[in-house]
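Participant: I'm passing along final_14.cif; it holds mmCIF, C-alpha atoms.
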data_model
#
loop_
_atom_site.label_atom_id
_atom_site.label_comp_id
_atom_site.auth_asym_id
_atom_site.auth_seq_id
_atom_site.Cartn_x
_atom_site.Cartn_y
_atom_site.Cartn_z
CA MET P 1 88.80 84.48 128.16
CA VAL P 2 89.96 83.38 124.72
CA ALA P 3 89.23 80.08 123.03
CA LYS P 4 92.14 78.15 121.54
CA GLY P 5 91.20 78.76 117.92
CA PHE P 6 94.51 77.40 116.66
CA THR P 7 93.47 73.85 117.61
CA GLN P 8 90.43 74.03 115.35
CA LYS P 9 90.43 71.96 112.18
CA GLU P 10 89.08 73.30 108.91
CA GLY P 11 86.05 71.40 107.64
CA VAL P 12 85.34 69.99 111.11
CA ASP P 13 85.25 72.86 113.56
CA TYR P 14 84.85 75.67 111.06
CA PHE P 15 84.05 76.05 107.39
CA ASP P 16 84.11 79.66 106.38
CA THR P 17 85.88 82.47 108.20
CA TYR P 18 85.37 85.35 105.80
CA SER P 19 83.97 88.51 107.32
CA PRO P 20 83.61 91.74 105.37
CA VAL P 21 84.51 95.20 106.67
CA ALA P 22 83.66 98.56 105.17
CA ARG P 23 86.06 100.03 102.63
CA ILE P 24 87.77 103.15 103.86
CA THR P 25 86.72 104.86 100.62
CA SER P 26 83.09 104.27 101.57
CA ILE P 27 83.67 106.01 104.87
CA ARG P 28 85.14 109.03 103.06
CA VAL P 29 82.27 109.07 100.57
CA LEU P 30 79.83 109.14 103.48
CA PHE P 31 81.63 112.03 105.15
CA ALA P 32 81.58 113.98 101.90
CA LEU P 33 77.85 113.30 101.63
CA ALA P 34 77.39 114.27 105.27
CA SER P 35 78.96 117.64 104.47
CA ILE P 36 76.82 118.19 101.38
CA TYR P 37 73.51 117.17 102.92
CA LYS P 38 74.30 118.30 106.47
CA LEU P 39 73.82 114.93 108.10
CA TYR P 40 74.28 114.14 111.76
CA VAL P 41 77.06 111.63 112.34
CA HIS P 42 77.08 109.57 115.49
CA GLN P 43 79.27 106.70 116.51
CA MET P 44 78.45 103.57 118.46
CA ASP P 45 80.45 100.64 119.65
CA VAL P 46 79.21 97.12 120.31
CA LYS P 47 80.43 95.72 123.61
CA THR P 48 82.04 92.27 123.32
CA ALA P 49 80.78 92.03 119.77
CA PHE P 50 82.11 88.56 118.99
CA LEU P 51 80.27 86.98 121.91
CA ASN P 52 77.00 87.72 120.15
CA GLY P 53 77.49 85.29 117.28
CA ASP P 54 75.73 81.95 117.19
CA LEU P 55 77.65 78.81 116.34
CA LYS P 56 76.46 76.43 113.65
CA GLU P 57 79.30 73.94 114.03
CA LYS P 58 79.58 71.64 117.02
CA VAL P 59 82.57 72.98 118.93
CA TYR P 60 83.70 71.55 122.25
CA MET P 61 86.22 73.01 124.62
CA GLU P 62 87.85 71.98 127.87
CA GLN P 63 86.38 73.47 130.98
CA PRO P 64 88.01 76.81 131.68
CA GLU P 65 90.48 77.04 134.55
CA GLY P 66 88.85 77.99 137.81
CA PHE P 67 85.42 76.95 136.59
CA ILE P 68 85.80 73.18 136.64
CA LEU P 69 82.80 71.34 138.04
CA PRO P 70 83.88 69.10 140.90
CA GLY P 71 83.18 65.47 140.07
CA ASN P 72 82.92 66.21 136.35
CA GLU P 73 86.57 66.98 135.62
CA GLU P 74 86.61 64.70 132.56
CA LYS P 75 83.75 66.46 130.78
CA VAL P 76 83.99 69.18 128.14
CA CYS P 77 81.70 72.13 127.29
CA LYS P 78 79.72 72.37 124.11
CA LEU P 79 79.72 75.94 122.83
CA VAL P 80 76.38 77.46 121.90
CA LYS P 81 77.64 80.96 121.16
CA SER P 82 80.93 82.03 119.71
CA LEU P 83 83.94 83.09 121.77
CA TYR P 84 86.88 85.37 121.08
CA GLY P 85 89.65 83.35 119.49
CA LEU P 86 87.45 81.04 117.45
CA LYS P 87 88.21 81.17 113.78
CA GLN P 88 84.63 81.80 112.80
CA ALA P 89 83.94 84.45 115.46
CA PRO P 90 84.14 87.52 113.14
CA LYS P 91 81.97 85.85 110.54
CA GLN P 92 79.30 84.76 112.99
CA TRP P 93 79.17 88.25 114.49
CA HIS P 94 78.75 89.87 111.10
CA GLU P 95 76.03 87.41 110.18
CA LYS P 96 74.16 88.09 113.39
CA PHE P 97 74.33 91.86 112.96
CA ASP P 98 73.35 91.55 109.33
CA LYS P 99 70.19 89.61 110.16
CA ALA P 100 69.21 91.94 112.98
CA ILE P 101 69.64 95.10 110.96
CA LEU P 102 67.82 93.78 107.88
CA LEU P 103 64.85 92.85 110.09
CA ASN P 104 64.53 96.51 111.05
CA GLY P 105 63.94 97.52 107.45
CA PHE P 106 67.48 98.39 106.45
CA HIS P 107 68.81 97.49 103.02
CA HIS P 108 72.26 96.48 101.90
CA ASN P 109 74.20 98.84 99.76
CA GLY P 110 75.00 96.77 96.68
CA ALA P 111 78.54 98.09 96.41
CA ASP P 112 79.64 97.69 100.02
CA LYS P 113 78.23 94.90 102.16
CA CYS P 114 78.94 96.79 105.37
CA MET P 115 76.78 99.77 104.52
CA TYR P 116 73.11 99.63 105.35
CA SER P 117 70.54 102.28 104.64
CA LYS P 118 66.93 102.90 105.49
CA PHE P 119 64.80 105.72 104.16
CA THR P 120 61.35 106.42 105.53
CA LYS P 121 59.22 109.48 104.88
CA ASP P 122 60.45 111.11 108.09
CA PHE P 123 64.14 110.33 108.07
CA GLY P 124 67.00 108.61 106.36
CA VAL P 125 69.65 106.56 108.13
CA ILE P 126 72.88 105.10 106.81
CA ILE P 127 74.91 102.73 108.97
CA CYS P 128 78.51 101.91 108.20
CA LEU P 129 79.89 98.96 110.15
CA TYR P 130 83.58 98.33 110.78
CA VAL P 131 83.69 95.09 112.80
CA ASP P 132 82.25 96.43 116.07
CA ASP P 133 82.49 100.15 115.40
CA MET P 134 79.69 101.79 113.57
CA LEU P 135 78.97 105.18 112.12
CA ILE P 136 75.38 106.30 111.95
CA PHE P 137 74.56 109.01 109.41
CA ASN P 138 71.20 110.65 109.84
CA THR P 139 69.08 113.29 108.22
CA ASN P 140 67.51 114.29 111.52
CA ILE P 141 67.52 113.67 115.26
CA THR P 142 64.48 111.36 115.37
CA GLY P 143 66.30 108.98 113.05
CA ILE P 144 69.24 108.82 115.41
CA VAL P 145 67.10 108.23 118.48
CA GLU P 146 65.05 105.53 116.80
CA THR P 147 68.05 103.68 115.37
CA LYS P 148 69.92 103.77 118.66
CA ARG P 149 66.90 102.51 120.53
CA TYR P 150 66.56 99.58 118.16
CA LEU P 151 70.24 98.65 118.31
CA THR P 152 70.48 98.85 122.10
CA SER P 153 67.43 96.60 122.37
CA ILE P 154 69.34 93.83 120.58
CA PHE P 155 73.02 94.26 121.45
CA LYS P 156 74.90 95.69 124.38
CA MET P 157 76.00 99.00 122.94
CA LYS P 158 78.18 101.88 123.97
CA ASP P 159 76.99 105.24 122.70
CA LEU P 160 79.93 107.45 121.79
CA GLY P 161 77.79 110.42 120.76
CA GLU P 162 78.98 112.60 117.91
CA VAL P 163 81.81 111.11 115.92
CA ASP P 164 85.32 111.89 117.09
CA THR P 165 87.76 109.26 115.87
CA ILE P 166 87.21 106.38 113.47
CA LEU P 167 90.00 103.93 112.56
CA GLY P 168 92.61 106.34 113.82
CA ILE P 169 91.26 109.20 111.70
CA LYS P 170 90.30 112.30 113.64
CA VAL P 171 87.01 113.81 112.55
CA LYS P 172 86.30 117.46 113.17
CA LYS P 173 83.24 119.46 112.28
CA HIS P 174 83.63 122.91 110.81
CA SER P 175 81.05 125.50 109.79
CA SER P 176 80.21 123.92 106.45
CA GLY P 177 81.35 120.34 106.61
CA TYR P 178 83.77 117.81 108.04
CA VAL P 179 87.55 117.52 108.18
CA LEU P 180 89.33 114.18 108.26
CA ASN P 181 92.82 114.29 109.64
CA MET X 1 115.28 111.16 93.82
CA LYS X 2 116.90 108.39 91.90
CA LEU X 3 116.71 105.00 93.48
CA ASN X 4 118.37 101.85 92.27
CA ASP X 5 117.80 98.39 93.50
CA TYR X 6 121.42 97.36 93.55
CA CYS X 7 122.84 96.74 96.98
CA ASP X 8 125.09 94.19 98.63
CA LYS X 9 122.89 93.38 101.54
CA ALA X 10 119.58 94.52 102.90
CA VAL X 11 119.63 97.16 105.63
CA ALA X 12 117.08 96.57 108.40
CA GLN X 13 114.61 94.81 106.12
CA LEU X 14 112.06 94.10 108.84
CA GLU X 15 111.95 97.69 110.07
CA TYR X 16 111.68 98.90 106.48
CA ALA X 17 108.64 96.71 105.88
CA SER X 18 107.01 97.97 109.04
CA ALA X 19 107.75 101.63 108.15
CA ILE X 20 106.18 101.06 104.71
CA GLY X 21 103.19 99.49 106.45
CA SER X 22 102.57 102.46 108.69
CA LEU X 23 103.04 104.95 105.86
CA MET X 24 100.65 102.91 103.76
CA TYR X 25 98.00 103.24 106.46
CA ALA X 26 98.38 107.01 106.59
CA MET X 27 98.22 107.13 102.80
CA HIS X 28 95.04 105.04 102.64
CA CYS X 29 93.32 107.09 105.33
CA THR X 30 93.91 110.77 104.70
CA LYS X 31 97.20 111.44 102.91
CA PRO X 32 96.97 111.06 99.14
CA GLY X 33 100.07 113.26 98.84
CA ILE X 34 102.45 110.43 99.63
CA ALA X 35 100.81 107.85 97.39
CA PHE X 36 103.40 108.01 94.63
CA ALA X 37 106.34 107.96 97.03
CA ILE X 38 104.97 104.93 98.84
CA CYS X 39 104.17 103.21 95.57
CA LYS X 40 107.77 103.60 94.59
CA LEU X 41 109.44 102.87 97.91
CA SER X 42 107.44 99.74 98.57
CA ARG X 43 109.05 98.12 95.55
CA TYR X 44 112.25 97.79 97.53
CA THR X 45 110.76 96.14 100.59
CA SER X 46 112.63 92.88 100.08
CA LYS X 47 116.06 94.49 99.94
CA PRO X 48 116.25 98.09 101.13
CA ASN X 49 119.54 100.02 101.20
CA THR X 50 120.53 103.26 102.92
CA ASP X 51 119.24 105.43 100.04
CA HIS X 52 115.77 103.99 100.47
CA TRP X 53 115.94 104.69 104.19
CA LYS X 54 116.83 108.31 103.46
CA ALA X 55 113.81 108.55 101.19
CA ILE X 56 111.61 107.08 103.92
CA ALA X 57 112.92 109.71 106.34
CA LYS X 58 111.96 112.40 103.81
CA VAL X 59 108.43 111.05 103.62
CA PHE X 60 108.12 111.10 107.40
CA GLY X 61 109.48 114.67 107.39
CA TYR X 62 106.85 115.65 104.85
CA LEU X 63 104.10 114.11 106.98
CA LYS X 64 105.35 115.98 110.01
CA ARG X 65 105.33 119.30 108.13
CA THR X 66 101.83 118.72 106.83
CA ILE X 67 100.38 117.29 110.02
CA ASP X 68 97.65 119.94 110.14
CA LEU X 69 96.43 119.27 106.61
CA GLY X 70 93.40 117.06 106.40
CA LEU X 71 90.66 116.32 103.96
CA PHE X 72 88.13 119.15 104.02
CA TYR X 73 84.63 118.44 102.85
CA PHE X 74 82.21 121.30 102.23
CA ASP X 75 78.54 121.67 101.49
CA PHE X 76 79.25 122.25 97.81
CA PRO X 77 76.66 121.10 95.29
CA ALA X 78 76.85 117.37 94.83
CA VAL X 79 79.18 116.97 91.87
CA MET X 80 81.71 114.24 91.58
CA GLU X 81 84.87 114.85 89.59
CA GLU X 82 87.67 112.57 88.64
CA TYR X 83 91.19 113.27 87.51
CA SER X 84 93.27 110.62 85.90
CA ASP X 85 96.82 110.70 84.67
CA ALA X 86 99.62 108.44 83.62
CA SER X 87 103.29 108.94 83.15
CA TRP X 88 104.85 106.96 80.44
CA MET X 89 107.90 104.80 81.17
CA THR X 90 108.72 106.13 84.60
CA SER X 91 110.02 102.88 85.91
CA SER X 92 113.54 102.86 84.54
CA SER X 93 114.29 99.18 84.98
CA ASP X 94 111.31 97.62 83.26
CA ASN X 95 109.84 100.43 81.11
CA LYS X 96 106.42 100.26 82.67
CA SER X 97 104.24 103.31 83.23
CA THR X 98 102.54 104.55 86.36
CA SER X 99 98.87 105.42 86.53
CA GLY X 100 97.18 107.63 89.07
CA TRP X 101 93.69 108.84 89.71
CA ILE X 102 91.83 110.87 92.28
CA PHE X 103 88.10 111.40 92.84
CA SER X 104 86.72 114.40 94.63
CA LEU X 105 83.31 115.04 96.11
CA GLY X 106 82.20 118.03 98.14
CA GLY X 107 85.55 119.73 97.59
CA GLY X 108 87.61 116.95 99.17
CA ALA X 109 89.31 113.87 97.81
CA ILE X 110 87.47 110.62 98.44
CA SER X 111 89.35 107.98 96.50
CA TRP X 112 92.85 107.87 95.06
CA ALA X 113 95.56 105.51 93.94
CA SER X 114 98.95 105.43 92.30
CA LYS X 115 99.90 102.19 90.63
CA LYS X 116 102.55 100.78 88.39
CA GLN X 117 100.89 99.43 85.30
CA THR X 118 101.10 95.74 84.69
CA CYS X 119 101.50 95.82 80.93
CA ILE X 120 103.91 97.70 78.75
CA SER X 121 102.44 100.51 76.68
CA HIS X 122 103.97 101.85 73.50
CA PHE X 123 102.80 105.47 73.62
CA THR X 124 101.73 108.03 76.17
CA MET X 125 98.22 107.73 74.80
CA GLU X 126 98.12 104.03 75.62
CA SER X 127 99.38 104.45 79.16
CA GLU X 128 96.77 107.19 79.75
CA PHE X 129 94.20 104.81 78.42
CA ILE X 130 95.16 102.14 80.89
CA ALA X 131 94.93 104.72 83.70
CA ILE X 132 91.45 105.77 82.57
CA THR X 133 90.30 102.18 82.57
CA VAL X 134 91.21 101.52 86.19
CA ALA X 135 89.76 104.90 87.18
CA GLY X 136 86.62 104.00 85.21
CA LYS X 137 86.18 100.85 87.27
CA GLU X 138 86.40 102.89 90.45
CA ALA X 139 83.93 105.40 88.98
CA LYS X 140 81.46 102.63 88.37
CA TRP X 141 81.83 101.37 91.95
CA LEU X 142 81.35 104.85 93.40
CA ARG X 143 78.27 105.31 91.25
CA ASN X 144 76.84 102.06 92.55
CA ILE X 145 77.43 103.08 96.13
CA LEU X 146 75.73 106.45 95.61
CA PHE X 147 72.90 104.87 93.68
CA ASN X 148 71.88 102.95 96.79
CA ILE X 149 71.91 106.04 98.97
CA LYS X 150 68.68 107.82 98.28
CA LEU X 151 70.06 111.28 99.05
CA TRP X 152 71.82 111.62 95.74
CA PRO X 153 69.69 113.22 93.00
CA GLN X 154 68.38 110.66 90.51
CA PRO X 155 68.95 110.03 87.65
CA MET X 156 72.65 110.40 88.25
CA SER X 157 74.64 112.53 85.90
CA ALA X 158 77.81 111.14 84.41
CA ILE X 159 81.03 111.62 86.35
CA SER X 160 83.32 113.96 84.48
CA LEU X 161 86.71 112.43 84.08
CA TYR X 162 89.52 114.88 83.43
CA CYS X 163 92.46 113.72 81.41
CA ASP X 164 95.32 115.70 79.89
CA THR X 165 95.94 113.97 76.57
CA GLU X 166 93.75 114.82 73.64
CA ALA X 167 94.78 111.75 71.71
CA THR X 168 93.38 109.56 74.47
CA MET X 169 90.08 111.41 74.38
CA SER X 170 89.57 111.15 70.66
CA ARG X 171 90.51 107.52 70.90
CA ALA X 172 87.97 106.88 73.64
CA TYR X 173 85.16 108.43 71.62
CA SER X 174 85.96 106.70 68.35
CA ASN X 175 84.82 103.18 67.68
CA ILE X 176 87.49 102.40 65.17
CA TYR X 177 89.52 99.41 66.09
CA ASN X 178 92.66 98.46 64.31
CA GLY X 179 94.85 95.46 64.88
CA LYS X 180 97.78 97.53 66.07
CA SER X 181 96.29 98.17 69.46
CA ARG X 182 95.10 94.68 70.24
CA HIS X 183 96.64 94.74 73.71
CA ILE X 184 94.40 97.59 74.83
CA ASN X 185 91.35 96.36 72.96
CA ILE X 186 89.39 95.22 76.03
CA ARG X 187 90.15 98.47 77.81
CA HIS X 188 88.98 100.43 74.79
CA GLU X 189 85.71 98.53 74.70
CA TYR X 190 85.23 98.99 78.43
CA ILE X 191 85.72 102.76 78.32
CA ARG X 192 83.37 103.03 75.37
CA GLU X 193 80.76 101.07 77.26
CA LEU X 194 81.08 103.37 80.27
CA ILE X 195 80.67 106.41 78.04
CA ILE X 196 77.64 104.97 76.24
CA ASN X 197 75.99 104.01 79.54
CA GLY X 198 76.50 107.52 80.83
CA VAL X 199 78.78 106.53 83.68
CA ILE X 200 81.60 108.85 82.68
CA THR X 201 82.34 111.63 80.25
CA ILE X 202 85.90 112.48 79.40
CA VAL X 203 86.91 116.12 79.54
CA TYR X 204 90.21 117.69 78.58
CA VAL X 205 92.22 119.51 81.23
CA LYS X 206 95.65 121.10 80.98
CA SER X 207 98.42 119.07 82.52
CA VAL X 208 99.20 121.75 85.13
CA ASN X 209 95.59 121.68 86.27
CA ASN X 210 95.41 117.92 86.41
CA LEU X 211 95.13 117.02 90.07
CA ALA X 212 96.31 113.48 89.51
CA ASP X 213 99.65 114.65 88.12
CA SER X 214 101.61 114.20 91.31
CA LEU X 215 100.31 110.66 91.76
CA THR X 216 102.29 109.53 88.76
CA LYS X 217 105.63 111.29 89.04
CA GLY X 218 107.76 113.24 91.41
CA LEU X 219 107.10 116.97 91.08
CA SER X 220 108.67 120.10 92.49
CA ARG X 221 107.52 121.27 95.87
CA ASP X 222 105.44 124.33 94.79
CA ILE X 223 103.36 122.33 92.32
CA VAL X 224 102.70 119.62 94.90
CA GLU X 225 101.61 122.21 97.45
CA LYS X 226 99.22 123.80 94.98
CA GLN X 227 97.66 120.43 94.30
CA LEU X 228 97.33 119.66 97.98
CA MET X 229 95.20 122.78 98.35
CA GLU X 230 92.94 121.56 95.57
CA TRP X 231 92.59 118.15 97.15
CA GLY X 232 91.33 119.80 100.30
#
Please express the file's structure as structure tokens.
Facilitator:
Amino acid sequence: MVAKGFTQKEGVDYFDTYSPVARITSIRVLFALASIYKLYVHQMDVKTAFLNGDLKEKVYMEQPEGFILPGNEEKVCKLVKSLYGLKQAPKQWHEKFDKAILLNGFHHNGADKCMYSKFTKDFGVIICLYVDDMLIFNTNITGIVETKRYLTSIFKMKDLGEVDTILGIKVKKHSSGYVLN
Amino acid sequence: MKLNDYCDKAVAQLEYASAIGSLMYAMHCTKPGIAFAICKLSRYTSKPNTDHWKAIAKVFGYLKRTIDLGLFYFDFPAVMEEYSDASWMTSSSDNKSTSGWIFSLGGGAISWASKKQTCISHFTMESEFIAITVAGKEAKWLRNILFNIKLWPQPMSAISLYCDTEATMSRAYSNIYNGKSRHINIRHEYIRELIINGVITIVYVKSVNNLADSLTKGLSRDIVEKQLMEWG
């Protein structure tokens, strides 16, 4: 189901639609670092990411086809959470993820808003978010397990295991580092 | 290959734009080798002719030949290097220069670009200077990103920036300012600030060893292949 975002009016139904994504250079920097410091790189995917966002604006939509309440055909639905197709969906999703991850003790990287890092005395984790795809760089296995557990407790996640393809770039591991192709 | 923008009517303009788009994606992801070609070909997007299409076909042929080449990163000691270059007056129609830079970390390239400069420079030295400035901005950004990742040894050492013109180097390290170079004054100040703050140091490298050379001009095949090996 997709909401009719094109009927939304700026300043009424949405204000800001900007949503950052990671720079591709940052991803390459992280892979170079992963080779130097022998980090584990895992990949995760958020299922129906945009449905997670909360809406601040009051947005109403017609009842979806097939789900019309008998006797209430004239009424409309007020949206509480964001839907695919809404102009602000990407922004709301990013905001939601941002809040959740900062609560867990992660910090923004000042240079790229989509890179988060957390260093404890046992492990170091770097997360790189590209809309709903994320790369998790870790110094050891406990870091991976802990981060994945936290993320799956908040969002519906798909664990893709060790990284294979990101943004159409094939990633291969060789004896002393990574190859991007 | 010499390209001119004169043509009676555009040949398959829409397809040309989409071909440029897909090549651009490959270039941004893992293929720095085609950066200069794309930089040049994309200038004709509004009115391509058959010559431009032939050039596009060549680029696709090159990609097909080098399909197995990727960016290799190794567990080398953590040193970041930067090569910057400019070629003076390469754009025949408007006398502007092209700048190019490439950063490498762990033996593989991490950031690169090839761009036509926006202002006219009078000497090679000036065009190199403009190239160093844009590369310097990127250096500062990369430093910031690494600064926030606690793996990198602190305090961070300066990024060595290789350039192949000695005049540019001596200029960067001198604080003399004369009125003749007013148009690059801000860039001069910026580079000096980066050097003083320990963000970059400028090192001389011979032109043949400058990895950014092929980002600024078309080169013969053997030189390009040698550089590709160095890029990883």
Participant: Using only C-alpha atoms, list the residues that have an atom at most 7 Å from (83.9, 119.3, 103.6), coordinates as in the file, as a PDB file with C-alpha atoms, in the coordinates of the input.
Facilitator:
ATOM      1  CA  ALA P  32      81.580 113.980 101.900  1.00  0.00           C
ATOM      2  CA  SER P  35      78.960 117.640 104.470  1.00  0.00           C
ATOM      3  CA  SER P 176      80.210 123.920 106.450  1.00  0.00           C
ATOM      4  CA  GLY P 177      81.350 120.340 106.610  1.00  0.00           C
ATOM      5  CA  TYR P 178      83.770 117.810 108.040  1.00  0.00           C
ATOM      6  CA  VAL P 179      87.550 117.520 108.180  1.00  0.00           C
TER       7      VAL P 179
ATOM      8  CA  PHE X  72      88.130 119.150 104.020  1.00  0.00           C
ATOM      9  CA  TYR X  73      84.630 118.440 102.850  1.00  0.00           C
ATOM     10  CA  PHE X  74      82.210 121.300 102.230  1.00  0.00           C
ATOM     11  CA  ASP X  75      78.540 121.670 101.490  1.00  0.00           C
ATOM     12  CA  GLY X 106      82.200 118.030  98.140  1.00  0.00           C
ATOM     13  CA  GLY X 107      85.550 119.730  97.590  1.00  0.00           C
ATOM     14  CA  GLY X 108      87.610 116.950  99.170  1.00  0.00           C
TER      15      GLY X 108
END
Participant: Find the residues near segment 6-17 of chain P: any atom within 9 Å, counting all atoms listed in the file, skip ones fewer than 5 places away on the same chain, and give them as a list in words.
Facilitator: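 Listing them by chain and then by number gives Lys56, Glu57, Lys58, Val59, Tyr60, Gly85, Leu86, Lys87, Gln88, Ala89, Pro90, Lys91 and Gln92 of chain P.
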Participant: Can I get the residues of chain X within 9 Å of chain P, each with the closest pair of atoms and their distance in Å to one decimal, using only C-alpha atoms, sorted chain first then ascending number, as a tab-separated table?
Facilitator:
residue	atom	partner	partner_atom	distance
X:His28	CA	P:Ile24	CA	7.6
X:Cys29	CA	P:Ile24	CA	7.0
X:Thr30	CA	P:Asn181	CA	6.2
X:Lys31	CA	P:Asn181	CA	8.5
X:Ile67	CA	P:Asn181	CA	8.1
X:Asp68	CA	P:Asn181	CA	7.4
X:Leu69	CA	P:Asn181	CA	6.9
X:Gly70	CA	P:Asn181	CA	4.3
X:Leu71	CA	P:Leu180	CA	5.0
X:Phe72	CA	P:Val179	CA	4.5
X:Tyr73	CA	P:Tyr178	CA	5.3
X:Phe74	CA	P:Gly177	CA	4.6
X:Asp75	CA	P:Ile36	CA	3.9
X:Phe76	CA	P:Ile36	CA	5.9
X:Pro77	CA	P:Ile36	CA	6.8
X:Ala78	CA	P:Ile36	CA	6.6
X:Ser104	CA	P:Ala32	CA	8.9
X:Leu105	CA	P:Ala32	CA	6.1
X:Gly106	CA	P:Ala32	CA	5.6
X:Gly107	CA	P:Ala32	CA	8.2
X:Gly108	CA	P:Ala32	CA	7.3
X:Ala109	CA	P:Arg28	CA	8.3
X:Ile110	CA	P:Arg28	CA	5.4
X:Ser111	CA	P:Thr25	CA	5.8
X:Trp112	CA	P:Thr25	CA	8.8
X:Trp141	CA	P:Ala111	CA	6.4
X:Leu142	CA	P:Ala111	CA	7.9
X:Arg143	CA	P:Ala111	CA	8.9
X:Asn144	CA	P:Ala111	CA	5.8
X:Ile145	CA	P:Ala111	CA	5.1
X:Leu146	CA	P:Val29	CA	8.6
X:Phe147	CA	P:Asn109	CA	8.7
X:Asn148	CA	P:Asn109	CA	5.6
X:Ile149	CA	P:Ser117	CA	6.9
X:Lys150	CA	P:Phe119	CA	7.4
X:Leu151	CA	P:Tyr37	CA	7.8
X:Trp152	CA	P:Leu33	CA	8.6
Participant: At a cut-off of 10 Å, using all atoms listed in the file, what residues contact Ala167 of chain X? Leave out same-chain residues fewer than 6 positions from it and give the result as an NGL selection string.
Facilitator: :X and (124-126 or 128-129)
Participant: Hey, can you check how far atom CA of Trp53 of chain X sits from atom CA of Ala113 of chain X?
Facilitator: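 Going from atom CA of Trp53 of chain X over to atom CA of Ala113 of chain X, I get 22.8 Å.
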Participant: Extract, using all atoms listed in the file, all DNA, RNA and protein residues at most 7 Å from Thr133 of chain X, discarding same-chain residues fewer than 3 positions from it, and format them as an MDAnalysis selection string.
Facilitator: chainID X and resid 129:130 136:137 187 191
Participant: Quick one: which residues end up in the PyMOL selection byres ((chain X and resi 115-117) around 7) for this structure, as an NGL selection string?
Facilitator: :X and (39 or 96-100 or 113-114 or 118-119)
Participant: Just checking: using all atoms listed in the file, which residue out of P:Lys47, P:Arg23, P:Lys4, P:Lys96 ends up closest to Glu62 of chain P?
Facilitator: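 Of the candidates, the smallest distance to Glu62 of chain P is held by P:Lys4.
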Participant: Name the residues captured by the PyMOL selection byres ((chain P and resi 51) around 7) when it is applied to the shown file; answer as a PDB file with C-alpha atoms, in the frame of the given file.
Facilitator:
ATOM      1  CA  THR P  48      82.040  92.270 123.320  1.00  0.00           C
ATOM      2  CA  ALA P  49      80.780  92.030 119.770  1.00  0.00           C
ATOM      3  CA  PHE P  50      82.110  88.560 118.990  1.00  0.00           C
ATOM      4  CA  ASN P  52      77.000  87.720 120.150  1.00  0.00           C
ATOM      5  CA  GLY P  53      77.490  85.290 117.280  1.00  0.00           C
ATOM      6  CA  LYS P  81      77.640  80.960 121.160  1.00  0.00           C
ATOM      7  CA  SER P  82      80.930  82.030 119.710  1.00  0.00           C
ATOM      8  CA  LEU P  83      83.940  83.090 121.770  1.00  0.00           C
ATOM      9  CA  TYR P  84      86.880  85.370 121.080  1.00  0.00           C
TER      10      TYR P  84
END
Participant: Find, counting all atoms listed in the file, the residue in X:His183, X:Arg192, X:Arg171, X:Lys140 that gets nearest to Ser121 of chain X.
Facilitator: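 Residue with the minimum atom-to-atom distance to Ser121 of chain X: X:His183.
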Participant: Quick one: pull the distance between atom CA of Met80 of chain X and atom CA of Met156 of chain X, Å, one decimal.
Facilitator: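 According to the coordinates, atom CA of Met80 of chain X and atom CA of Met156 of chain X are separated by 10.4 Å.
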Participant: For the file shown, what are the residues hit by the PyMOL selection byres ((chain X and resi 203) around 7), laid out as JSON, numbers by chain?
Facilitator: {"X": [160, 161, 162, 163, 201, 202, 204, 205]}
Participant: Please, what distance in Å, to one decimal, runs between atom CA of Tyr83 of chain X and atom CA of Val59 of chain X?
Facilitator: 23.7 Å
Participant: If we count only C-alpha atoms, what is near segment 149-157 of chain P at a cut-off of 12 Å, once residues fewer than 2 positions away on the same chain are taken out, given as an mmCIF file with C-alpha atoms, in the frame of the given file?
Facilitator:
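The resulting file, around-v9.cif, is shown below:
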data_model
loop_
_atom_site.group_PDB
_atom_site.id
_atom_site.type_symbol
_atom_site.label_atom_id
_atom_site.label_comp_id
_atom_site.auth_asym_id
_atom_site.auth_seq_id
_atom_site.Cartn_x
_atom_site.Cartn_y
_atom_site.Cartn_z
ATOM 1 C CA GLN P 43 79.270 106.700 116.510
ATOM 2 C CA MET P 44 78.450 103.570 118.460
ATOM 3 C CA ASP P 45 80.450 100.640 119.650
ATOM 4 C CA VAL P 46 79.210 97.120 120.310
ATOM 5 C CA LYS P 47 80.430 95.720 123.610
ATOM 6 C CA THR P 48 82.040 92.270 123.320
ATOM 7 C CA ALA P 49 80.780 92.030 119.770
ATOM 8 C CA PHE P 50 82.110 88.560 118.990
ATOM 9 C CA LEU P 51 80.270 86.980 121.910
ATOM 10 C CA ASN P 52 77.000 87.720 120.150
ATOM 11 C CA GLY P 53 77.490 85.290 117.280
ATOM 12 C CA TRP P 93 79.170 88.250 114.490
ATOM 13 C CA LYS P 96 74.160 88.090 113.390
ATOM 14 C CA PHE P 97 74.330 91.860 112.960
ATOM 15 C CA ASP P 98 73.350 91.550 109.330
ATOM 16 C CA LYS P 99 70.190 89.610 110.160
ATOM 17 C CA ALA P 100 69.210 91.940 112.980
ATOM 18 C CA ILE P 101 69.640 95.100 110.960
ATOM 19 C CA LEU P 102 67.820 93.780 107.880
ATOM 20 C CA LEU P 103 64.850 92.850 110.090
ATOM 21 C CA ASN P 104 64.530 96.510 111.050
ATOM 22 C CA GLY P 105 63.940 97.520 107.450
ATOM 23 C CA PHE P 106 67.480 98.390 106.450
ATOM 24 C CA ILE P 127 74.910 102.730 108.970
ATOM 25 C CA ASP P 132 82.250 96.430 116.070
ATOM 26 C CA ASP P 133 82.490 100.150 115.400
ATOM 27 C CA MET P 134 79.690 101.790 113.570
ATOM 28 C CA ILE P 136 75.380 106.300 111.950
ATOM 29 C CA THR P 142 64.480 111.360 115.370
ATOM 30 C CA GLY P 143 66.300 108.980 113.050
ATOM 31 C CA ILE P 144 69.240 108.820 115.410
ATOM 32 C CA VAL P 145 67.100 108.230 118.480
ATOM 33 C CA GLU P 146 65.050 105.530 116.800
ATOM 34 C CA THR P 147 68.050 103.680 115.370
ATOM 35 C CA ASP P 159 76.990 105.240 122.700
ATOM 36 C CA LEU P 160 79.930 107.450 121.790
ATOM 37 C CA GLY P 161 77.790 110.420 120.760
#
